[in-house]
>>> print(open('run.cif').read())   # mmCIF, C-alpha atoms
data_coords
loop_
_atom_site.group_PDB
_atom_site.id
_atom_site.type_symbol
_atom_site.label_atom_id
_atom_site.label_comp_id
_atom_site.auth_asym_id
_atom_site.auth_seq_id
_atom_site.Cartn_x
_atom_site.Cartn_y
_atom_site.Cartn_z
ATOM 1 C CA GLU X 1 31.994 5.010 -27.173
ATOM 2 C CA PRO X 2 33.727 4.508 -30.532
ATOM 3 C CA GLU X 3 32.392 6.389 -33.528
ATOM 4 C CA LEU X 4 30.251 4.366 -35.887
ATOM 5 C CA GLU X 5 31.848 3.326 -39.125
ATOM 6 C CA TYR X 6 29.839 3.110 -42.323
ATOM 7 C CA LEU X 7 30.492 0.245 -44.702
ATOM 8 C CA ILE X 8 28.917 0.799 -48.087
ATOM 9 C CA LEU X 9 28.785 -2.424 -50.085
ATOM 10 C CA VAL X 10 28.594 -1.952 -53.846
ATOM 11 C CA PRO X 11 29.257 -4.151 -56.896
ATOM 12 C CA ASP X 12 32.978 -4.419 -57.771
ATOM 13 C CA GLN X 13 32.713 -2.087 -60.751
ATOM 14 C CA PHE X 14 31.254 0.775 -58.664
ATOM 15 C CA THR X 15 33.663 1.015 -55.713
ATOM 16 C CA MET X 16 35.893 3.797 -57.052
ATOM 17 C CA GLU X 17 32.994 5.723 -58.585
ATOM 18 C CA THR X 18 31.041 5.586 -55.316
ATOM 19 C CA GLN X 19 34.070 6.709 -53.282
ATOM 20 C CA LYS X 20 34.583 9.654 -55.614
ATOM 21 C CA ARG X 21 30.898 10.614 -55.457
ATOM 22 C CA LEU X 22 30.946 10.568 -51.648
ATOM 23 C CA CYS X 23 34.096 12.713 -51.516
ATOM 24 C CA ASP X 24 32.585 15.176 -53.977
ATOM 25 C CA MET X 25 29.406 15.401 -51.865
ATOM 26 C CA HIS X 26 31.247 16.015 -48.565
ATOM 27 C CA PRO X 27 31.850 19.706 -47.686
ATOM 28 C CA ASN X 28 35.505 18.993 -46.850
ATOM 29 C CA GLY X 29 36.041 16.807 -49.908
ATOM 30 C CA GLY X 30 36.893 13.677 -47.936
ATOM 31 C CA ILE X 31 35.421 10.833 -45.965
ATOM 32 C CA MET X 32 36.920 9.468 -42.761
ATOM 33 C CA ASN X 33 34.541 6.938 -41.274
ATOM 34 C CA ILE X 34 33.041 5.618 -44.526
ATOM 35 C CA ASP X 35 34.464 2.672 -46.450
ATOM 36 C CA VAL X 36 33.168 1.700 -49.863
ATOM 37 C CA LEU X 37 33.763 -2.009 -50.430
ATOM 38 C CA SER X 38 32.738 -4.860 -52.679
ATOM 39 C CA PHE X 39 31.823 -8.184 -51.077
ATOM 40 C CA SER X 40 35.286 -9.576 -51.843
ATOM 41 C CA ARG X 41 37.064 -6.500 -50.379
ATOM 42 C CA LEU X 42 34.883 -6.813 -47.269
ATOM 43 C CA ALA X 43 36.003 -10.427 -46.993
ATOM 44 C CA HIS X 44 39.677 -9.413 -47.277
ATOM 45 C CA ARG X 45 39.212 -6.776 -44.616
ATOM 46 C CA ILE X 46 37.447 -9.060 -42.131
ATOM 47 C CA PHE X 47 39.867 -11.941 -42.691
ATOM 48 C CA GLU X 48 42.707 -9.493 -42.078
ATOM 49 C CA GLU X 49 41.043 -8.457 -38.827
ATOM 50 C CA VAL X 50 40.197 -11.898 -37.419
ATOM 51 C CA GLY X 51 42.598 -14.182 -39.301
ATOM 52 C CA ASN X 52 43.217 -15.131 -42.902
ATOM 53 C CA ALA X 53 41.510 -17.923 -44.756
ATOM 54 C CA GLU X 54 43.594 -21.076 -44.847
ATOM 55 C CA LYS X 55 43.619 -21.448 -48.621
ATOM 56 C CA HIS X 56 44.702 -19.047 -51.338
ATOM 57 C CA LEU X 57 41.956 -17.059 -53.051
ATOM 58 C CA LEU X 58 41.763 -17.987 -56.705
ATOM 59 C CA ASP X 59 41.320 -15.007 -59.027
ATOM 60 C CA ASP X 60 39.987 -15.084 -62.589
ATOM 61 C CA THR X 61 43.430 -15.493 -64.152
ATOM 62 C CA GLY X 62 44.150 -18.449 -61.901
ATOM 63 C CA LYS X 63 40.789 -20.017 -62.767
ATOM 64 C CA ASN X 64 41.553 -19.611 -66.477
ATOM 65 C CA LEU X 65 44.969 -21.268 -66.109
ATOM 66 C CA ILE X 66 43.581 -24.178 -64.110
ATOM 67 C CA LEU X 67 40.700 -24.657 -66.548
ATOM 68 C CA ARG X 68 43.121 -24.686 -69.486
ATOM 69 C CA LYS X 69 45.171 -27.393 -67.738
ATOM 70 C CA VAL X 70 42.191 -29.575 -66.819
ATOM 71 C CA ALA X 71 40.736 -29.112 -70.325
ATOM 72 C CA GLU X 72 43.983 -30.408 -71.822
ATOM 73 C CA ASP X 73 44.014 -33.309 -69.350
ATOM 74 C CA LYS X 74 40.378 -34.194 -70.145
ATOM 75 C CA ALA X 75 40.499 -33.428 -73.895
ATOM 76 C CA GLY X 76 39.578 -37.021 -74.797
ATOM 77 C CA GLU X 77 36.358 -36.808 -72.746
ATOM 78 C CA LEU X 78 35.150 -33.499 -74.200
ATOM 79 C CA GLU X 79 32.881 -34.185 -77.174
ATOM 80 C CA VAL X 80 31.864 -30.623 -78.076
ATOM 81 C CA ILE X 81 33.889 -28.198 -76.001
ATOM 82 C CA GLY X 82 37.107 -30.090 -76.756
ATOM 83 C CA ARG X 83 37.064 -28.875 -80.376
ATOM 84 C CA ASN X 84 36.722 -25.251 -79.325
ATOM 85 C CA ILE X 85 38.862 -25.088 -76.207
ATOM 86 C CA LYS X 86 41.843 -23.503 -77.969
ATOM 87 C CA LYS X 87 39.740 -20.746 -79.535
ATOM 88 C CA THR X 88 40.373 -17.270 -78.178
ATOM 89 C CA GLY X 89 38.094 -16.457 -75.260
ATOM 90 C CA TYR X 90 36.615 -19.952 -74.952
ATOM 91 C CA ILE X 91 38.285 -20.779 -71.619
ATOM 92 C CA HIS X 92 37.133 -17.396 -70.305
ATOM 93 C CA GLU X 93 33.532 -18.288 -71.224
ATOM 94 C CA VAL X 94 33.799 -21.692 -69.540
ATOM 95 C CA LYS X 95 35.271 -19.995 -66.457
ATOM 96 C CA SER X 96 32.303 -17.609 -66.372
ATOM 97 C CA VAL X 97 29.839 -20.506 -66.561
ATOM 98 C CA ILE X 98 31.623 -22.386 -63.771
ATOM 99 C CA SER X 99 31.627 -19.224 -61.636
ATOM 100 C CA GLU X 100 27.860 -19.008 -62.154
ATOM 101 C CA PHE X 101 27.540 -22.646 -61.069
ATOM 102 C CA TYR X 102 29.383 -21.794 -57.841
ATOM 103 C CA GLN X 103 27.297 -18.665 -57.239
ATOM 104 C CA TYR X 104 24.019 -20.535 -57.590
ATOM 105 C CA ASN X 105 25.135 -23.694 -55.768
ATOM 106 C CA ILE X 106 24.924 -25.918 -58.851
ATOM 107 C CA THR X 107 27.044 -29.003 -58.268
ATOM 108 C CA PRO X 108 28.644 -31.303 -60.852
ATOM 109 C CA ASP X 109 26.112 -33.945 -59.776
ATOM 110 C CA ALA X 110 23.257 -31.546 -60.562
ATOM 111 C CA LEU X 111 24.784 -30.966 -64.000
ATOM 112 C CA GLU X 112 25.028 -34.699 -64.531
ATOM 113 C CA GLU X 113 21.311 -34.926 -63.751
ATOM 114 C CA LEU X 114 20.575 -32.132 -66.250
ATOM 115 C CA VAL X 115 22.348 -34.128 -68.962
ATOM 116 C CA GLY X 116 19.659 -36.790 -68.584
ATOM 117 C CA PHE X 117 16.865 -34.224 -68.877
ATOM 118 C CA ALA X 118 18.467 -32.723 -71.990
ATOM 119 C CA GLU X 119 18.682 -35.999 -73.953
ATOM 120 C CA GLY X 120 17.336 -35.588 -77.461
ATOM 121 C CA LYS X 121 17.873 -31.815 -77.456
ATOM 122 C CA GLY X 122 20.657 -31.578 -80.055
ATOM 123 C CA LEU X 123 24.096 -30.699 -78.721
ATOM 124 C CA LEU X 124 22.829 -29.523 -75.334
ATOM 125 C CA PRO X 125 23.373 -32.804 -73.436
ATOM 126 C CA HIS X 126 26.894 -33.098 -74.891
ATOM 127 C CA LYS X 127 27.777 -29.524 -73.913
ATOM 128 C CA LEU X 128 26.361 -30.061 -70.419
ATOM 129 C CA LYS X 129 28.364 -33.282 -70.082
ATOM 130 C CA ASP X 130 31.541 -31.462 -71.158
ATOM 131 C CA LEU X 131 30.863 -28.712 -68.621
ATOM 132 C CA GLU X 132 30.236 -31.311 -65.928
ATOM 133 C CA VAL X 133 33.573 -33.020 -66.736
ATOM 134 C CA LEU X 134 35.447 -29.696 -66.635
ATOM 135 C CA TYR X 135 33.659 -28.500 -63.501
ATOM 136 C CA ARG X 136 34.363 -31.742 -61.638
ATOM 137 C CA ALA X 137 38.028 -31.731 -62.744
ATOM 138 C CA PHE X 138 38.359 -28.059 -61.764
ATOM 139 C CA MET X 139 36.934 -28.734 -58.301
ATOM 140 C CA GLU X 140 39.210 -31.738 -57.809
ATOM 141 C CA TYR X 141 42.243 -29.714 -58.885
ATOM 142 C CA ILE X 142 41.641 -26.823 -56.468
ATOM 143 C CA GLU X 143 40.451 -28.947 -53.538
ATOM 144 C CA GLY X 144 42.608 -28.279 -50.489
ATOM 145 C CA LYS X 145 44.778 -25.726 -52.336
ATOM 146 C CA TYR X 146 42.615 -22.837 -53.475
ATOM 147 C CA ILE X 147 39.289 -21.261 -52.698
ATOM 148 C CA THR X 148 36.929 -19.423 -55.054
ATOM 149 C CA THR X 149 35.367 -16.047 -54.264
ATOM 150 C CA GLN X 150 32.038 -17.732 -53.616
ATOM 151 C CA GLU X 151 33.582 -20.112 -51.077
ATOM 152 C CA TYR X 152 35.446 -17.147 -49.592
ATOM 153 C CA LEU X 153 32.144 -15.379 -48.932
ATOM 154 C CA GLU X 154 30.791 -18.522 -47.280
ATOM 155 C CA GLN X 155 33.837 -18.598 -44.979
ATOM 156 C CA LEU X 156 33.335 -14.898 -44.271
ATOM 157 C CA LYS X 157 29.758 -15.563 -43.179
ATOM 158 C CA ASN X 158 31.046 -18.120 -40.688
ATOM 159 C CA ILE X 159 33.492 -15.712 -38.994
ATOM 160 C CA LEU X 160 31.471 -12.479 -38.998
ATOM 161 C CA HIS X 161 30.627 -12.979 -35.330
ATOM 162 C CA GLN X 162 34.328 -12.482 -34.497
ATOM 163 C CA SER X 163 34.578 -9.078 -36.168
ATOM 164 C CA GLU X 164 34.668 -5.866 -34.117
ATOM 165 C CA THR X 165 34.415 -3.896 -37.366
ATOM 166 C CA ILE X 166 31.072 -5.469 -38.231
ATOM 167 C CA ALA X 167 29.788 -5.066 -34.665
ATOM 168 C CA LYS X 168 30.373 -1.292 -34.691
ATOM 169 C CA SER X 169 29.376 -0.547 -38.286
ATOM 170 C CA VAL X 170 26.329 0.578 -40.163
ATOM 171 C CA ILE X 171 26.177 -1.405 -43.397
ATOM 172 C CA VAL X 172 24.616 0.061 -46.523
ATOM 173 C CA LEU X 173 24.004 -1.807 -49.779
ATOM 174 C CA ASP X 174 23.955 0.274 -52.950
ATOM 175 C CA GLY X 175 23.997 -0.290 -56.690
ATOM 176 C CA PHE X 176 22.931 -3.931 -56.748
ATOM 177 C CA THR X 177 20.214 -5.227 -59.033
ATOM 178 C CA GLY X 178 20.067 -8.591 -57.270
ATOM 179 C CA PHE X 179 22.076 -11.016 -55.199
ATOM 180 C CA THR X 180 23.332 -14.563 -55.619
ATOM 181 C CA PRO X 181 22.301 -17.163 -53.016
ATOM 182 C CA VAL X 182 25.785 -16.906 -51.447
ATOM 183 C CA GLN X 183 25.464 -13.125 -51.162
ATOM 184 C CA ASN X 184 21.924 -13.425 -49.764
ATOM 185 C CA SER X 185 23.171 -15.787 -47.092
ATOM 186 C CA LEU X 186 25.990 -13.375 -46.195
ATOM 187 C CA ILE X 187 23.576 -10.417 -46.068
ATOM 188 C CA GLN X 188 21.324 -12.344 -43.680
ATOM 189 C CA GLU X 189 24.297 -12.917 -41.377
ATOM 190 C CA LEU X 190 25.298 -9.231 -41.626
ATOM 191 C CA MET X 191 21.770 -8.286 -40.563
ATOM 192 C CA VAL X 192 22.065 -10.511 -37.477
ATOM 193 C CA ARG X 193 25.366 -8.884 -36.553
#
>>> encode(input="run.cif", output="structure tokens")
Amino acid sequence: EPELEYLILVPDQFTMETQKRLCDMHPNGGIMNIDVLSFSRLAHRIFEEVGNAEKHLLDDTGKNLILRKVAEDKAGELEVIGRNIKKTGYIHEVKSVISEFYQYNITPDALEELVGFAEGKGLLPHKLKDLEVLYRAFMEYIEGKYITTQEYLEQLKNILHQSETIAKSVIVLDGFTGFTPVQNSLIQELMVR
């Protein structure tokens, strides 16, 4: 019977630190059957095992570049954000907000609905409308070409049943203070496997 493998899932920023801690704790100073991974590294590993995702994974730099392009294309429709889009760090902030939308399953249509609820609340409805325009344009631009990390995790959930690695592993979660809905869904599937 094959030896069990331990997969320790930690937030991205803790992978190296956790690996080092485990090595330091081991009497021989090394770990053989323990992998410390983030959710995205787990996805890479499983897709490598059972087959790659069809679309290219879009990293933060790619998101920033695409958002800059769609912001320039939609500049005439952006009432508030349009004035600030060229300021240092502004695209990065918009990218972070859009990533949060993905993580919590907030669609452009849901944002459009929020604009109506925010009427009469100063600049809020205008900012929400600008974000909805950028979010929709971003999604249209990447459709069929790229995939975000959140979508990647959703695809991972759908292929976990094909993974020998998952079937023979003990999975440990460490260092998290909470999970996004996408991560919760993936964890539920890991528990089944």
>>> closest_residue(input="run.cif", among="X:Gln19, X:Thr177, X:Thr88, X:Thr107", to="Leu134 in chain X", atoms="all atoms listed in the file")
X:Thr107
>>> closest_residue(input="run.cif", among="X:Tyr6, X:Gly62, X:Asn84, X:Asp24", to="Val36 in chain X", atoms="only C-alpha atoms")
X:Tyr6
>>> residues_around(input="run.cif", residues="range 89-101 of chain X", least_positions_apart="2", cutoff="12 Å", atoms="only C-alpha atoms", output="VMD selection string")
chain X and resid 58 to 72 81 to 87 103 to 111 127 to 128 130 to 139 147 to 151 180 to 182
>>> closest_residue(input="run.cif", among="X:Leu153, X:Asp73, X:Phe14, X:Ile34", to="Tyr102 in chain X", atoms="all atoms listed in the file")
X:Leu153
>>> residues_near_point(input="run.cif", point="(30.4, -7.6, -51.8)", cutoff="8 Å", atoms="all atoms listed in the file", output="MDAnalysis selection string")
chainID X and resid 9:12 37:43 183
>>> atom_distance(input="run.cif", atom1="CA of Leu114 in chain X", atom2="CA of Asn184 in chain X")
25.0 Å
>>> resolve_selection(input="run.cif", expression="the PyMOL selection byres ((chain X and resi 164-174) around 7)", output="JSON, numbers by chain")
{"X": [4, 5, 6, 7, 8, 9, 10, 162, 163, 175, 176, 193]}
>>> atom_distance(input="run.cif", atom1="CA of Glu112 in chain X", atom2="CA of Pro125 in chain X")
9.3 Å
>>> atom_distance(input="run.cif", atom1="CA of Val50 in chain X", atom2="CA of Ile159 in chain X")
7.9 Å
>>> closest_residue(input="run.cif", among="X:Ile142, X:Ile31, X:Cys23, X:Val80", to="Leu124 in chain X", atoms="only C-alpha atoms")
X:Val80
>>> axis_aligned_box(input="run.cif", around="range 126-133 of chain X", padding_each_side="3 Å", output="JSON")
{"center_x": 30.0, "center_y": -31.0, "center_z": -70.4, "size_x": 13.2, "size_y": 10.6, "size_z": 15.0}
>>> decode(input="run.cif", residues="range 117-156 of chain X", atoms="N, CA and C atoms", output="CSV table (one decimal), in the first residue's frame")
chain,number,residue,atom,x,y,z
X,117,PHE,N,-29.9,50.7,-5.6
X,117,PHE,CA,-30.0,50.9,-4.1
X,117,PHE,C,-29.3,52.0,-3.6
X,118,ALA,N,-28.2,52.4,-4.3
X,118,ALA,CA,-27.3,53.5,-3.8
X,118,ALA,C,-27.7,54.9,-4.2
X,119,GLU,N,-28.7,55.0,-5.0
X,119,GLU,CA,-29.1,56.3,-5.5
X,119,GLU,C,-29.3,57.2,-4.4
X,120,GLY,N,-28.8,58.5,-4.6
X,120,GLY,CA,-29.0,59.5,-3.5
X,120,GLY,C,-27.9,59.4,-2.4
X,121,LYS,N,-26.9,58.6,-2.6
X,121,LYS,CA,-25.9,58.4,-1.6
X,121,LYS,C,-24.6,59.0,-2.1
X,122,GLY,N,-24.6,60.2,-2.6
X,122,GLY,CA,-23.4,60.9,-3.0
X,122,GLY,C,-22.8,60.3,-4.3
X,123,LEU,N,-21.5,60.0,-4.2
X,123,LEU,CA,-20.8,59.5,-5.4
X,123,LEU,C,-20.9,57.9,-5.5
X,124,LEU,N,-21.4,57.3,-4.4
X,124,LEU,CA,-21.4,55.8,-4.4
X,124,LEU,C,-22.1,55.2,-5.6
X,125,PRO,N,-23.3,55.6,-6.0
X,125,PRO,CA,-23.8,55.0,-7.2
X,125,PRO,C,-23.0,55.2,-8.5
X,126,HIS,N,-22.3,56.3,-8.6
X,126,HIS,CA,-21.5,56.6,-9.8
X,126,HIS,C,-20.2,55.7,-9.7
X,127,LYS,N,-19.6,55.5,-8.6
X,127,LYS,CA,-18.5,54.6,-8.4
X,127,LYS,C,-18.9,53.2,-8.7
X,128,LEU,N,-20.0,52.8,-8.2
X,128,LEU,CA,-20.5,51.4,-8.4
X,128,LEU,C,-20.8,51.2,-9.9
X,129,LYS,N,-21.4,52.2,-10.6
X,129,LYS,CA,-21.6,52.1,-12.0
X,129,LYS,C,-20.3,51.9,-12.8
X,130,ASP,N,-19.3,52.7,-12.4
X,130,ASP,CA,-18.0,52.6,-13.1
X,130,ASP,C,-17.4,51.2,-12.9
X,131,LEU,N,-17.5,50.7,-11.6
X,131,LEU,CA,-16.9,49.4,-11.4
X,131,LEU,C,-17.7,48.3,-12.2
X,132,GLU,N,-19.0,48.5,-12.3
X,132,GLU,CA,-19.8,47.6,-13.1
X,132,GLU,C,-19.4,47.6,-14.5
X,133,VAL,N,-19.2,48.8,-15.1
X,133,VAL,CA,-18.7,48.9,-16.5
X,133,VAL,C,-17.4,48.2,-16.7
X,134,LEU,N,-16.4,48.5,-15.8
X,134,LEU,CA,-15.1,47.9,-15.9
X,134,LEU,C,-15.1,46.4,-15.7
X,135,TYR,N,-15.9,45.9,-14.7
X,135,TYR,CA,-16.0,44.5,-14.4
X,135,TYR,C,-16.6,43.8,-15.6
X,136,ARG,N,-17.7,44.3,-16.2
X,136,ARG,CA,-18.3,43.7,-17.3
X,136,ARG,C,-17.3,43.7,-18.5
X,137,ALA,N,-16.6,44.8,-18.8
X,137,ALA,CA,-15.7,44.8,-19.9
X,137,ALA,C,-14.5,43.9,-19.7
X,138,PHE,N,-14.1,43.8,-18.4
X,138,PHE,CA,-13.0,42.8,-18.1
X,138,PHE,C,-13.4,41.4,-18.4
X,139,MET,N,-14.6,41.0,-17.9
X,139,MET,CA,-15.1,39.7,-18.1
X,139,MET,C,-15.3,39.4,-19.6
X,140,GLU,N,-15.8,40.3,-20.4
X,140,GLU,CA,-15.9,40.1,-21.8
X,140,GLU,C,-14.6,40.0,-22.5
X,141,TYR,N,-13.6,40.7,-22.0
X,141,TYR,CA,-12.2,40.7,-22.6
X,141,TYR,C,-11.6,39.3,-22.4
X,142,ILE,N,-11.7,38.8,-21.2
X,142,ILE,CA,-11.0,37.5,-20.9
X,142,ILE,C,-11.8,36.3,-21.3
X,143,GLU,N,-13.1,36.4,-21.6
X,143,GLU,CA,-13.9,35.3,-21.9
X,143,GLU,C,-13.3,34.4,-23.1
X,144,GLY,N,-13.2,33.2,-22.8
X,144,GLY,CA,-12.7,32.2,-23.8
X,144,GLY,C,-11.1,32.2,-23.9
X,145,LYS,N,-10.5,33.2,-23.3
X,145,LYS,CA,-9.0,33.3,-23.5
X,145,LYS,C,-8.3,33.0,-22.2
X,146,TYR,N,-8.8,33.6,-21.1
X,146,TYR,CA,-8.1,33.5,-19.8
X,146,TYR,C,-9.0,33.0,-18.7
X,147,ILE,N,-8.5,32.6,-17.6
X,147,ILE,CA,-9.2,32.2,-16.5
X,147,ILE,C,-8.6,32.8,-15.2
X,148,THR,N,-9.5,33.3,-14.3
X,148,THR,CA,-9.0,33.9,-13.0
X,148,THR,C,-8.7,32.8,-12.0
X,149,THR,N,-8.0,33.1,-11.0
X,149,THR,CA,-7.7,32.1,-9.9
X,149,THR,C,-9.0,31.5,-9.4
X,150,GLN,N,-10.0,32.4,-9.2
X,150,GLN,CA,-11.2,31.9,-8.6
X,150,GLN,C,-11.9,30.9,-9.5
X,151,GLU,N,-11.9,31.1,-10.8
X,151,GLU,CA,-12.5,30.2,-11.8
X,151,GLU,C,-11.6,28.9,-11.8
X,152,TYR,N,-10.3,29.1,-11.7
X,152,TYR,CA,-9.4,28.0,-11.7
X,152,TYR,C,-9.7,27.0,-10.5
X,153,LEU,N,-10.0,27.6,-9.3
X,153,LEU,CA,-10.4,26.7,-8.2
X,153,LEU,C,-11.7,26.0,-8.4
X,154,GLU,N,-12.6,26.7,-9.1
X,154,GLU,CA,-13.9,26.0,-9.5
X,154,GLU,C,-13.7,24.8,-10.4
X,155,GLN,N,-12.8,25.0,-11.4
X,155,GLN,CA,-12.4,23.9,-12.3
X,155,GLN,C,-11.7,22.8,-11.5
X,156,LEU,N,-10.9,23.2,-10.6
X,156,LEU,CA,-10.2,22.2,-9.8
X,156,LEU,C,-11.2,21.3,-9.0
